[in-house]
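> Starting off with a structure, shown below.
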Amino acid sequence: MLTIKDVFDRFDEIGCCSFATPDGRGGVESRIAHFFAYDDEGLYLRTMDVKPFYRQLKEGGRLAVSGERTEAKVVFDENNLPLFKPGYQMRVSGEVRELSMAEVEAKAPHDRNFNVAVYDIAKYPETRVFVLHRFHGELYDYDYAMVNRDHKLYRERFAFGGDSYEEPGLSITDACIGCGSCLETCSFKAIAPGEPYAILGERCDECGNCHHVCPAHAVAGKGLPRR
């Protein structure tokens, strides 16, 4: 299980990420921002109370953040197929609350990042600090060309502050007849033979190829049911 430090460090390596909030009018707005600190209570961000972002955080109380780090941008081969360098994506989604100035100041002697926040607030008095205190998320580490390992994907999901998450990957039910069609079609090496066959969730991209070829309809999807 990733620790909250692991999650922060991954986002910190990415740098600027997409921070999305409900806009209060039935839509969603996003902007580029970053987390500036973490501790056992959550991940911290700041904004100004004159911005729509502040209003949306206060009224909606929800935040989703995502970002990607990769060795190089995507290029395309002679057949116009994308060539991805190894990299990873991080995402989190959950509940936020605003900190009082007293709470921010209390953290400053123990964390230089909060010390900087106190300095910023003195310089820009409309600055406000929020904590993402209850959330779930995923590390999606990809190596599609299998440069550094013998499979394309590693996924790890996590939750903090009492939140929960759904395990990654599709699943195979007892309706499996052991024909091996799923194993043959899976390019992510995410299928393990057995009775029934099993899907390794940490390797599964949920592409649906196994769902598509299974003659017994034993692969359970996560989207809409088949008609």
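Just remember, in the structure tokens the first chain shown is A, the second B, etc., residues are 1-based per chain, and ligands are 1-based in the order shown.
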Taking the DSSP secondary structure from the backbone, can you list the residues of range 85-170 of chain A that are helix (DSSP H, G or I), as a PyMOL selection string?
chain A and resi 101-110+112-123
> If we count only C-alpha atoms, what is near Val129 in chain A at a cut-off of 6 Å, once residues fewer than 4 positions away on the same chain are taken out, given as an NGL selection string?
:A and (45-46 or 98-99)
> Would you please extract all strand (DSSP E) residues from range 22-172 of chain A, as assigned by DSSP on the backbone, and give them as a PyMOL selection string?
chain A and resi 22+28-33+37-39+42-48+62-70+75-76+82-83+87-98+127-142+153-160+171-172
> What's around Ser164 in chain A at 12 Å? Count only C-alpha atoms, leave out sequence neighbours fewer than 5 positions away in its own chain, and write the answer as a ChimeraX atom specification.
/A:92-94,134-138,157-159
> Taking a cut-off of 9 Å and counting only C-alpha atoms, can you build a table that, for each residue of range 22-45 of chain A near range 106-122 of chain A, reports the nearest atom pair and how far apart they are in Å (one decimal), sorted by chain then residue number, as CSV?

residue,atom,partner,partner_atom,distance
A:Phe36,CA,A:Asn113,CA,6.6
A:Ala37,CA,A:Asn113,CA,6.0
A:Tyr38,CA,A:Asn113,CA,9.0
> If I take CA of Cys17 in chain A and CA of Phe53 in chain A, how far is one from the other in Å, to one decimal?
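Between CA of Cys17 in chain A and CA of Phe53 in chain A the gap is 14.5 Å.
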> So which residues touch Glu126 in chain A within 8 Å, counting only C-alpha atoms, skipping near sequence neighbours fewer than 2 positions away, as a ChimeraX atom specification?
/A:48-50,121,124,128
> Save the residues we just selected, N, CA, C and O atoms, as a short mmCIF file (atom, residue, chain, number, x, y, z; two decimals), in the first residue's frame?

data_model
loop_
_atom_site.label_atom_id
_atom_site.label_comp_id
_atom_site.auth_asym_id
_atom_site.auth_seq_id
_atom_site.Cartn_x
_atom_site.Cartn_y
_atom_site.Cartn_z
N MET A 48 -6.80 31.52 -3.55
CA MET A 48 -7.27 32.78 -3.00
C MET A 48 -8.78 32.79 -2.93
O MET A 48 -9.46 32.22 -3.80
N ASP A 49 -9.32 33.42 -1.88
CA ASP A 49 -10.77 33.37 -1.69
C ASP A 49 -11.56 34.25 -2.65
O ASP A 49 -12.78 34.27 -2.62
N VAL A 50 -10.87 34.96 -3.54
CA VAL A 50 -11.55 35.76 -4.56
C VAL A 50 -11.72 34.98 -5.87
O VAL A 50 -12.30 35.49 -6.83
N ILE A 121 0.79 33.87 2.84
CA ILE A 121 -0.46 34.47 3.33
C ILE A 121 -0.22 35.90 3.79
O ILE A 121 -1.06 36.79 3.59
N TYR A 124 0.10 37.75 0.48
CA TYR A 124 -1.17 37.74 -0.25
C TYR A 124 -2.27 37.33 0.74
O TYR A 124 -2.59 36.15 0.88
N ARG A 128 -5.85 31.09 0.99
CA ARG A 128 -6.49 30.14 1.89
C ARG A 128 -5.91 28.75 1.66
O ARG A 128 -5.54 28.39 0.53
#
> Would you please work out which residue, of A:Ile191, A:Arg25, A:Cys214, A:Gly161, is nearest to Cys179 in chain A when using only C-alpha atoms?
A:Cys214
